[in-house]
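Q: model-v1.txt is reproduced below (compact mmCIF, C-alpha atoms and all ligand atoms).
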# COMPACT_ATOMS: atom_id res chain seq x y z
CA MET A 449 -19.07 8.89 6.11
CA PRO A 450 -17.07 5.96 7.47
CA THR A 451 -19.24 3.03 8.47
CA ASP A 452 -18.10 2.73 12.07
CA ASP A 453 -17.98 4.96 15.10
CA SER A 454 -14.96 3.37 16.76
CA SER A 455 -13.03 6.63 16.28
CA HIS A 456 -14.84 7.88 19.41
CA ALA A 457 -13.87 4.88 21.50
CA GLN A 458 -11.05 4.87 24.03
CA PRO A 459 -7.80 4.09 22.15
CA VAL A 460 -6.74 0.50 22.68
CA ASN A 461 -4.10 0.21 19.98
CA PRO A 462 -0.91 2.14 19.37
CA ASN A 463 -0.36 3.67 15.93
CA PRO A 464 -0.42 1.13 13.10
CA ARG A 465 3.08 0.04 12.06
CA HIS A 466 2.05 -0.54 8.47
CA ILE A 467 -0.69 1.34 6.59
CA ALA A 468 -1.71 0.04 3.15
CA ILE A 469 -3.83 2.27 0.93
CA ILE A 470 -5.78 1.74 -2.28
CA MET A 471 -5.70 5.23 -3.76
CA ASP A 472 -8.96 5.22 -5.71
CA GLY A 473 -11.17 7.92 -7.19
CA ASN A 474 -8.77 10.05 -9.27
CA GLY A 475 -10.83 9.64 -12.44
CA ARG A 476 -14.14 10.50 -10.78
CA TRP A 477 -12.57 13.51 -9.07
CA ALA A 478 -11.60 14.91 -12.48
CA GLN A 479 -14.86 13.95 -14.18
CA LYS A 480 -16.86 15.77 -11.49
CA ARG A 481 -14.95 18.89 -12.51
CA PHE A 482 -15.41 18.26 -16.25
CA MET A 483 -11.67 17.72 -16.54
CA PRO A 484 -9.83 14.86 -18.25
CA ARG A 485 -9.01 11.87 -16.01
CA ALA A 486 -5.32 12.76 -16.37
CA MET A 487 -5.90 15.82 -14.19
CA GLY A 488 -7.26 13.55 -11.48
CA HIS A 489 -4.09 11.47 -11.55
CA GLN A 490 -1.97 14.61 -11.33
CA ALA A 491 -3.99 15.83 -8.36
CA GLY A 492 -3.54 12.36 -6.85
CA VAL A 493 0.24 12.76 -6.87
CA LYS A 494 -0.13 15.86 -4.66
CA THR A 495 -2.09 13.80 -2.16
CA VAL A 496 0.66 11.18 -2.18
CA ARG A 497 3.20 13.85 -1.18
CA LYS A 498 1.05 15.08 1.72
CA ILE A 499 0.30 11.59 3.01
CA VAL A 500 3.94 10.45 2.83
CA GLU A 501 5.02 13.53 4.77
CA TYR A 502 2.32 12.98 7.38
CA CYS A 503 3.18 9.31 7.86
CA ALA A 504 6.88 10.12 8.22
CA ASN A 505 6.03 12.77 10.85
CA GLN A 506 3.79 10.33 12.71
CA LYS A 507 6.62 7.77 12.78
CA ILE A 508 4.65 5.18 10.84
CA GLU A 509 7.10 2.41 9.84
CA VAL A 510 5.63 1.37 6.49
CA LEU A 511 3.24 3.05 4.07
CA SER A 512 2.16 0.96 1.07
CA LEU A 513 0.38 2.66 -1.81
CA PHE A 514 -1.39 0.84 -4.63
CA ALA A 515 -0.40 2.86 -7.69
CA PHE A 516 -1.10 0.53 -10.62
CA SER A 517 -2.69 -2.90 -10.51
CA SER A 518 -1.97 -5.87 -12.73
CA GLU A 519 -5.50 -5.30 -14.07
CA ASN A 520 -5.02 -1.61 -14.88
CA TRP A 521 -3.44 -2.54 -18.25
CA ARG A 522 -7.05 -3.06 -19.34
CA ARG A 523 -7.58 0.71 -19.38
CA PRO A 524 -7.44 2.69 -22.63
CA GLU A 525 -3.94 2.91 -24.09
CA THR A 526 -3.87 6.69 -23.63
CA GLU A 527 -4.56 6.45 -19.91
CA VAL A 528 -1.97 3.70 -19.41
CA SER A 529 0.76 5.73 -21.19
CA LEU A 530 -0.22 8.83 -19.26
CA LEU A 531 0.13 6.90 -15.99
CA MET A 532 3.58 5.59 -17.04
CA ALA A 533 4.75 9.10 -17.94
CA LEU A 534 3.43 10.49 -14.67
CA PHE A 535 5.11 7.69 -12.73
CA MET A 536 8.45 8.46 -14.42
CA ALA A 537 8.17 12.25 -13.94
CA THR A 538 7.21 11.82 -10.28
CA LEU A 539 10.17 9.54 -9.60
CA GLN A 540 12.56 11.96 -11.31
CA ARG A 541 11.28 14.81 -9.20
CA GLU A 542 10.84 13.09 -5.84
CA ILE A 543 13.66 10.58 -5.28
CA ASN A 544 16.18 13.11 -3.96
CA LYS A 545 13.57 14.62 -1.69
CA LEU A 546 12.61 11.24 -0.27
CA ASP A 547 16.28 10.52 0.30
CA ARG A 548 16.84 13.84 2.12
CA ASN A 549 13.94 12.95 4.38
CA ASN A 550 15.50 9.58 5.23
CA ILE A 551 12.65 7.71 3.51
CA ARG A 552 13.34 4.27 2.04
CA LEU A 553 11.64 3.67 -1.30
CA ARG A 554 10.57 0.21 -2.38
CA PHE A 555 8.56 -1.17 -5.29
CA ILE A 556 6.53 -4.33 -5.35
CA GLY A 557 4.96 -5.84 -8.46
CA ASP A 558 6.10 -7.27 -11.78
CA ARG A 559 8.32 -4.49 -13.04
CA SER A 560 9.45 -6.43 -16.13
CA ALA A 561 6.38 -5.12 -17.99
CA PHE A 562 7.49 -1.49 -17.61
CA PRO A 563 9.60 0.48 -20.11
CA GLU A 564 13.34 -0.10 -19.60
CA LYS A 565 14.02 3.50 -18.53
CA LEU A 566 11.33 3.35 -15.89
CA GLN A 567 12.72 0.08 -14.54
CA GLN A 568 16.15 1.72 -14.29
CA LYS A 569 14.74 4.71 -12.43
CA MET A 570 12.92 2.41 -10.01
CA ALA A 571 16.12 0.47 -9.31
CA GLU A 572 18.03 3.74 -8.86
CA GLY A 573 15.47 5.06 -6.39
CA GLU A 574 15.63 1.86 -4.37
CA ALA A 575 19.43 1.77 -4.34
CA GLN A 576 19.77 5.43 -3.41
CA THR A 577 17.39 5.17 -0.43
CA GLU A 578 18.18 1.60 0.62
CA HIS A 579 19.83 2.48 3.93
CA ASN A 580 17.33 5.12 5.04
CA THR A 581 15.75 4.44 8.38
CA ALA A 582 12.61 6.57 8.69
CA LEU A 583 9.43 5.60 6.82
CA THR A 584 9.55 2.76 4.26
CA LEU A 585 7.42 3.82 1.31
CA VAL A 586 6.24 0.83 -0.70
CA ILE A 587 4.81 1.59 -4.14
CA ALA A 588 2.80 -1.27 -5.60
CA ALA A 589 3.16 -0.99 -9.37
CA ASN A 590 1.91 -3.65 -11.76
CA TYR A 591 1.10 -5.44 -8.54
CA GLY A 592 -1.55 -8.06 -7.90
CA GLY A 593 -2.08 -10.25 -4.85
CA HIS A 594 -2.42 -13.26 -7.19
CA TRP A 595 0.88 -12.35 -8.88
CA ASP A 596 2.60 -12.07 -5.50
CA ILE A 597 1.46 -15.50 -4.32
CA CYS A 598 2.26 -16.99 -7.72
CA GLN A 599 5.82 -15.63 -7.80
CA ALA A 600 6.36 -16.93 -4.24
CA PHE A 601 5.25 -20.41 -5.37
CA GLN A 602 7.62 -20.24 -8.32
CA LYS A 603 10.61 -19.33 -6.12
CA ILE A 604 9.74 -22.06 -3.62
CA SER A 605 9.28 -24.72 -6.29
CA GLN A 606 12.62 -23.79 -7.88
CA LYS A 607 14.29 -24.34 -4.50
CA ILE A 608 12.53 -27.68 -4.13
CA ALA A 609 13.66 -28.71 -7.62
CA ALA A 610 17.23 -27.68 -6.73
CA GLY A 611 17.06 -29.77 -3.56
CA GLU A 612 17.44 -26.72 -1.28
CA LEU A 613 14.01 -27.24 0.23
CA ALA A 614 11.76 -30.23 0.84
CA GLN A 615 7.99 -30.32 0.39
CA GLN A 616 7.52 -30.50 4.18
CA ASP A 617 9.32 -27.16 4.51
CA ILE A 618 6.33 -25.36 3.00
CA THR A 619 4.80 -23.52 5.93
CA GLU A 620 3.00 -20.20 6.29
CA THR A 621 6.27 -18.64 7.45
CA LEU A 622 8.11 -19.94 4.40
CA ILE A 623 5.44 -18.59 2.04
CA ASN A 624 5.63 -15.24 3.86
CA GLN A 625 9.36 -15.19 3.34
CA HIS A 626 8.93 -15.48 -0.41
CA LEU A 627 6.32 -12.78 -0.87
CA SER A 628 7.39 -9.39 -2.18
CA THR A 629 6.80 -7.98 1.32
CA ALA A 630 8.93 -10.61 3.09
CA ASP A 631 10.91 -8.17 5.21
CA LEU A 632 7.98 -5.94 6.18
CA PRO A 633 5.43 -6.20 8.98
CA GLU A 634 1.91 -7.12 7.79
CA PRO A 635 -0.45 -4.20 7.18
CA ASP A 636 -2.33 -3.28 10.36
CA LEU A 637 -4.59 -0.74 8.71
CA PHE A 638 -6.01 -1.02 5.19
CA ILE A 639 -7.63 2.09 3.72
CA ARG A 640 -9.52 2.42 0.46
CA THR A 641 -10.63 5.81 -0.76
CA GLY A 642 -13.22 6.45 -3.47
CA GLY A 643 -16.18 4.65 -1.89
CA GLU A 644 -15.71 1.14 -3.28
CA GLN A 645 -15.59 -1.60 -0.69
CA ARG A 646 -13.38 -4.21 -2.31
CA VAL A 647 -9.77 -5.34 -2.23
CA SER A 648 -9.19 -5.36 -6.02
CA ASN A 649 -6.35 -7.91 -5.82
CA PHE A 650 -4.17 -5.89 -3.40
CA MET A 651 -1.97 -7.78 -0.85
CA LEU A 652 -4.42 -10.69 -0.55
CA TRP A 653 -2.22 -12.82 1.70
CA GLN A 654 -0.87 -9.95 3.78
CA LEU A 655 -4.27 -8.40 4.59
CA ALA A 656 -5.45 -11.47 6.53
CA TYR A 657 -5.80 -9.53 9.81
CA ALA A 658 -5.68 -5.91 8.69
CA GLU A 659 -8.34 -3.56 10.02
CA MET A 660 -10.36 -2.25 7.07
CA TYR A 661 -11.33 1.38 6.62
CA PHE A 662 -13.37 2.59 3.67
CA THR A 663 -13.96 6.25 2.96
CA PRO A 664 -16.03 7.90 0.23
CA ALA A 665 -13.38 10.63 -0.08
CA LEU A 666 -11.89 10.58 -3.57
CA TRP A 667 -8.09 10.20 -3.45
CA PRO A 668 -7.28 13.81 -4.52
CA ASP A 669 -9.54 15.02 -1.66
CA PHE A 670 -8.00 12.69 0.92
CA ASP A 671 -5.75 14.56 3.34
CA GLN A 672 -4.00 14.48 6.71
CA ASN A 673 -7.31 14.94 8.57
CA THR A 674 -9.01 12.03 6.80
CA LEU A 675 -5.97 9.87 7.47
CA ALA A 676 -5.93 10.93 11.13
CA GLU A 677 -9.62 9.84 11.32
CA ALA A 678 -8.73 6.45 9.87
CA ILE A 679 -5.85 6.03 12.33
CA ASN A 680 -8.13 7.02 15.22
CA SER A 681 -10.71 4.50 14.12
CA PHE A 682 -7.95 1.86 14.03
CA LYS A 683 -6.78 2.80 17.52
CA GLY A 684 -10.28 2.32 18.93
CA ARG A 685 -10.79 -1.20 17.58
CA GLN A 686 -10.23 -4.37 19.55
CA ARG A 687 -8.01 -6.70 17.51
CA ARG A 688 -8.82 -10.20 18.62
CA PHE A 689 -6.86 -12.43 16.21
CA GLY A 690 -9.25 -15.27 16.95
CA HIS A 691 -9.34 -14.82 20.73
CA THR A 692 -12.43 -13.76 22.66
CA GLY A 693 -12.80 -10.14 23.70
CA GLU A 694 -12.36 -11.16 27.35
CA GLN A 695 -9.08 -12.92 26.62
CA VAL A 696 -7.77 -9.81 24.91
CA LEU A 697 -8.84 -7.57 27.81
CA ASN A 698 -7.29 -9.85 30.44
CA LYS A 699 -4.08 -10.05 28.50
CA SER A 700 -3.76 -6.27 28.32
CA ASN A 701 -4.47 -6.05 32.08
CA THR A 702 -1.60 -8.34 32.96
CA PRO A 703 1.73 -6.55 33.08
C1 LIG B 801 -7.05 5.28 -8.96
O1 LIG B 801 -8.02 6.13 -9.47
C2 LIG B 801 -5.74 5.38 -9.71
C3 LIG B 801 -5.42 4.21 -10.53
C4 LIG B 801 -6.09 3.09 -10.59
C5 LIG B 801 -4.22 4.30 -11.34
P1 LIG B 801 -8.96 5.67 -10.66
O2 LIG B 801 -8.32 6.06 -11.94
O3 LIG B 801 -9.32 4.24 -10.54
O4 LIG B 801 -10.22 6.58 -10.39
P2 LIG B 801 -11.75 6.18 -10.60
O5 LIG B 801 -12.01 4.95 -9.80
O6 LIG B 801 -11.95 5.95 -12.07
O7 LIG B 801 -12.50 7.36 -10.10
C1 LIG B 802 -7.40 -0.34 -7.69
O1 LIG B 802 -8.22 0.63 -8.25
C2 LIG B 802 -6.00 -0.18 -8.19
C3 LIG B 802 -5.33 1.06 -7.82
C4 LIG B 802 -5.77 2.00 -7.03
C5 LIG B 802 -4.00 1.20 -8.36
P1 LIG B 802 -9.15 0.31 -9.51
O2 LIG B 802 -9.93 1.56 -9.76
O3 LIG B 802 -8.36 -0.20 -10.63
O4 LIG B 802 -10.08 -0.85 -8.94
P2 LIG B 802 -11.43 -1.49 -9.52
O5 LIG B 802 -11.14 -1.91 -10.92
O6 LIG B 802 -12.48 -0.43 -9.49
O7 LIG B 802 -11.75 -2.62 -8.61
MG MG B 803 -10.87 3.26 -9.66
Render the structure in this file as structure tokens.
A:
Amino acid sequence: MPTDDSSHAQPVNPNPRHIAIIMDGNGRWAQKRFMPRAMGHQAGVKTVRKIVEYCANQKIEVLSLFAFSSENWRRPETEVSLLMALFMATLQREINKLDRNNIRLRFIGDRSAFPEKLQQKMAEGEAQTEHNTALTLVIAANYGGHWDICQAFQKISQKIAAGELAQQDITETLINQHLSTADLPEPDLFIRTGGEQRVSNFMLWQLAYAEMYFTPALWPDFDQNTLAEAINSFKGRQRRFGHTGEQVLNKSNTP
């Protein structure tokens, strides 16, 4: 069960604008059923479909899903190739559907490590859905928070070397503007399924003030109801951003 009971509290927050999810537990879901891990990943794709649809219906602005981390290359070769094939097949099948539903698809992560054909498909999916205005679906693939900060530093230092920026220009806002999520609001709600309570190198900078929600539900078992519980928990929490609780209450009482 979730470790807090704030879902029963009076809602104090509107819906989160940005939900970021670490989809964990596919392998264990399959192993519990004496099935190969691949079956768990396939079942996980079905959950992705349900959750994307639910978020679009709930008018969530951004849904970010951690699909493959920069550390997941350490898995056995067979599992890595299976994940690449599944990624490709899912994109081929889903891009038109996302487009019809006015969903904007985005990828974050170092895509240069992926097979050429997959990179092309990713670019195609982004281009085709670029002007859609409902949910923005961000897929983090070969993504790591360290990578993201590192690539931002590289871009900034290139601009400094070219004389476009000075050292004094380096501010939090400037760093934000060079992250892969530059144009997106920061995640308000972070969810991790599968029972582990760690960030595993996901959006390290961006999660600074996200509300955390951990659930033991394995990703293939996660559904609209479990997500609704997480959103309710979020709505019941007082976000203080460094202020005192009284300051926050007084602020919300003033028109
Ligand atoms: C998450 O499920 C999916 C990916 C990391 C690609 P896992 O494959 O990590 O599942 P568990 O943690 O082994 O159960
Ligand atoms: C995090 O899950 C990455 C994704 C869900 C894509 P992992 O299963 O790889 O995380 P660790 O290794 O257990 O921390
Ligand atoms: Mg895992």
Q: Give me, please, the distance in Å between CA of Ala614 (chain A) and CA of Gln602 (chain A), quoted to one decimal.
A: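 Distance between the two atoms: 14.2 Å.
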Q: Do a neighbour search on Phe670 (chain A) at 10 Å with only C-alpha atoms, toss out local chain neighbours closer than 3 positions, and write the hits as a ChimeraX atom specification.
A: /A:471,473,492,495-496,498-499,641-642,663-667,673-675
Q: Looking at only C-alpha atoms and all ligand atoms, which of A:Glu644, A:Thr577, A:Asp617, A:Pro464 is the one that sits closest to ligand LIG 801 (chain B)?
A: A:Glu644
Q: Could you work out how far CA of Leu627 (chain A) lies from CA of Gln599 (chain A), giving the answer in Å with one decimal?
A: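 Separation of CA of Gln599 (chain A) and CA of Leu627 (chain A): 7.5 Å.
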Q: Around ligand LIG 801 (chain B), out to 6 Å and counting only C-alpha atoms and all ligand atoms, which residues are there? I want them as a count of residues only.
A: 8
Q: Take CA of Ala571 (chain A) and CA of Ala486 (chain A) and report the distance between them in Å, one decimal.
A: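 Distance reported for this atom pair: 25.7 Å.
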Q: What's around Ile469 (chain A) at 9 Å? Count all atoms listed in the file, leave out sequence neighbours fewer than 5 positions away in its own chain, and write the answer as a ChimeraX atom specification.
A: /A:511-514,637-641
Q: Which residues are near region 686-689 of chain A? Cut-off 10 Å, only C-alpha atoms, ignore same chain within fewer than 2 positions. Put them as a compact mmCIF listing (two decimals) with C-alpha atoms, in the coordinates of the input.
A:
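Generated file (out-v1.txt):
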# COMPACT_ATOMS: atom_id res chain seq x y z
CA SER A 454 -14.96 3.37 16.76
CA PRO A 459 -7.80 4.09 22.15
CA VAL A 460 -6.74 0.50 22.68
CA ASN A 461 -4.10 0.21 19.98
CA ASP A 636 -2.33 -3.28 10.36
CA ALA A 656 -5.45 -11.47 6.53
CA TYR A 657 -5.80 -9.53 9.81
CA ALA A 658 -5.68 -5.91 8.69
CA GLU A 659 -8.34 -3.56 10.02
CA PHE A 682 -7.95 1.86 14.03
CA LYS A 683 -6.78 2.80 17.52
CA GLY A 684 -10.28 2.32 18.93
CA HIS A 691 -9.34 -14.82 20.73
CA THR A 692 -12.43 -13.76 22.66
CA GLY A 693 -12.80 -10.14 23.70
CA GLU A 694 -12.36 -11.16 27.35
CA GLN A 695 -9.08 -12.92 26.62
CA VAL A 696 -7.77 -9.81 24.91
CA LEU A 697 -8.84 -7.57 27.81
Q: With only C-alpha atoms and all ligand atoms as the basis for distance, which of A:Ile470, A:Ile623, A:Met532, A:Leu583 is at the shortest distance from ligand LIG 802 (chain B)?
A: A:Ile470
Q: Env of Leu622 (chain A): 12 Å cut, atoms = all atoms listed in the file, seq-sep filter 4 positions within chain, self excluded. Answer as a ChimeraX atom specification.
A: /A:597,600-601,603-605,607,613-618,626-627,630
Q: Using only C-alpha atoms and all ligand atoms, which of the listed residues (A:Glu501, A:Glu620, A:Glu509, A:Glu519) sits closest to ligand MG 803 (chain B)?
A: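 Looking at the shortest contact to ligand MG 803 (chain B), the residue is A:Glu519.
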Q: Compare A:Ala582, A:Ala537, A:Met487, A:Ala468 by their minimum atom-to-atom distance to ligand LIG 802 (chain B), counting only C-alpha atoms and all ligand atoms, and give me the closest one.
A: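 Of A:Ala582, A:Ala537, A:Met487, A:Ala468, the one nearest ligand LIG 802 (chain B) is A:Ala468, counting only C-alpha atoms and all ligand atoms.
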Q: Taking all atoms of region 674-692 of chain A that the file lists and extending 3 Å past them on each side, where is the centre of the axis-aligned box and how long are its edges? Answer in Å to one decimal, as lines of an AutoDock Vina configuration file.
A:
center_x = -9.1
center_y = -1.6
center_z = 14.7
size_x = 12.6
size_y = 33.3
size_z = 21.9
Q: Starting from the incomplete input, reconstruct N, CA and C atoms of region 473-496 of chain A and write that as a compact mmCIF listing (two decimals), in the frame of the given file.
A:
# COMPACT_ATOMS: atom_id res chain seq x y z
N GLY A 473 -10.24 6.81 -6.99
CA GLY A 473 -11.17 7.92 -7.19
C GLY A 473 -10.59 9.10 -7.96
N ASN A 474 -9.38 8.95 -8.49
CA ASN A 474 -8.77 10.05 -9.27
C ASN A 474 -9.63 10.43 -10.48
N GLY A 475 -10.07 9.40 -11.21
CA GLY A 475 -10.83 9.64 -12.44
C GLY A 475 -12.13 10.37 -12.14
N ARG A 476 -12.85 9.88 -11.12
CA ARG A 476 -14.14 10.50 -10.78
C ARG A 476 -13.95 11.93 -10.28
N TRP A 477 -12.87 12.16 -9.56
CA TRP A 477 -12.57 13.51 -9.07
C TRP A 477 -12.47 14.48 -10.24
N ALA A 478 -11.77 14.05 -11.30
CA ALA A 478 -11.60 14.91 -12.48
C ALA A 478 -12.92 15.05 -13.23
N GLN A 479 -13.62 13.92 -13.40
CA GLN A 479 -14.86 13.95 -14.18
C GLN A 479 -15.90 14.87 -13.54
N LYS A 480 -15.92 14.88 -12.21
CA LYS A 480 -16.86 15.77 -11.49
C LYS A 480 -16.60 17.24 -11.82
N ARG A 481 -15.35 17.51 -12.17
CA ARG A 481 -14.95 18.89 -12.51
C ARG A 481 -14.88 19.12 -14.02
N PHE A 482 -15.43 18.20 -14.78
CA PHE A 482 -15.41 18.26 -16.25
C PHE A 482 -13.99 18.38 -16.78
N MET A 483 -13.07 17.71 -16.11
CA MET A 483 -11.67 17.72 -16.54
C MET A 483 -11.30 16.32 -17.02
N PRO A 484 -10.25 16.21 -17.84
CA PRO A 484 -9.83 14.86 -18.25
C PRO A 484 -9.31 14.06 -17.05
N ARG A 485 -9.44 12.74 -17.11
CA ARG A 485 -9.01 11.87 -16.01
C ARG A 485 -7.55 12.12 -15.63
N ALA A 486 -6.74 12.50 -16.62
CA ALA A 486 -5.32 12.76 -16.37
C ALA A 486 -5.13 13.78 -15.25
N MET A 487 -6.01 14.78 -15.23
CA MET A 487 -5.90 15.82 -14.19
C MET A 487 -6.13 15.22 -12.80
N GLY A 488 -6.99 14.23 -12.75
CA GLY A 488 -7.26 13.55 -11.48
C GLY A 488 -6.02 12.81 -11.00
N HIS A 489 -5.31 12.19 -11.94
CA HIS A 489 -4.09 11.47 -11.55
C HIS A 489 -3.02 12.46 -11.07
N GLN A 490 -2.95 13.60 -11.76
CA GLN A 490 -1.97 14.61 -11.33
C GLN A 490 -2.30 15.12 -9.93
N ALA A 491 -3.57 15.37 -9.70
CA ALA A 491 -3.99 15.83 -8.36
C ALA A 491 -3.69 14.74 -7.33
N GLY A 492 -3.81 13.49 -7.76
CA GLY A 492 -3.54 12.36 -6.85
C GLY A 492 -2.10 12.33 -6.39
N VAL A 493 -1.18 12.74 -7.25
CA VAL A 493 0.24 12.76 -6.87
C VAL A 493 0.46 13.76 -5.72
N LYS A 494 -0.26 14.87 -5.75
CA LYS A 494 -0.13 15.86 -4.66
C LYS A 494 -0.57 15.25 -3.34
N THR A 495 -1.63 14.46 -3.39
CA THR A 495 -2.09 13.80 -2.16
C THR A 495 -1.03 12.83 -1.65
N VAL A 496 -0.38 12.13 -2.58
CA VAL A 496 0.66 11.18 -2.18
C VAL A 496 1.73 11.93 -1.37
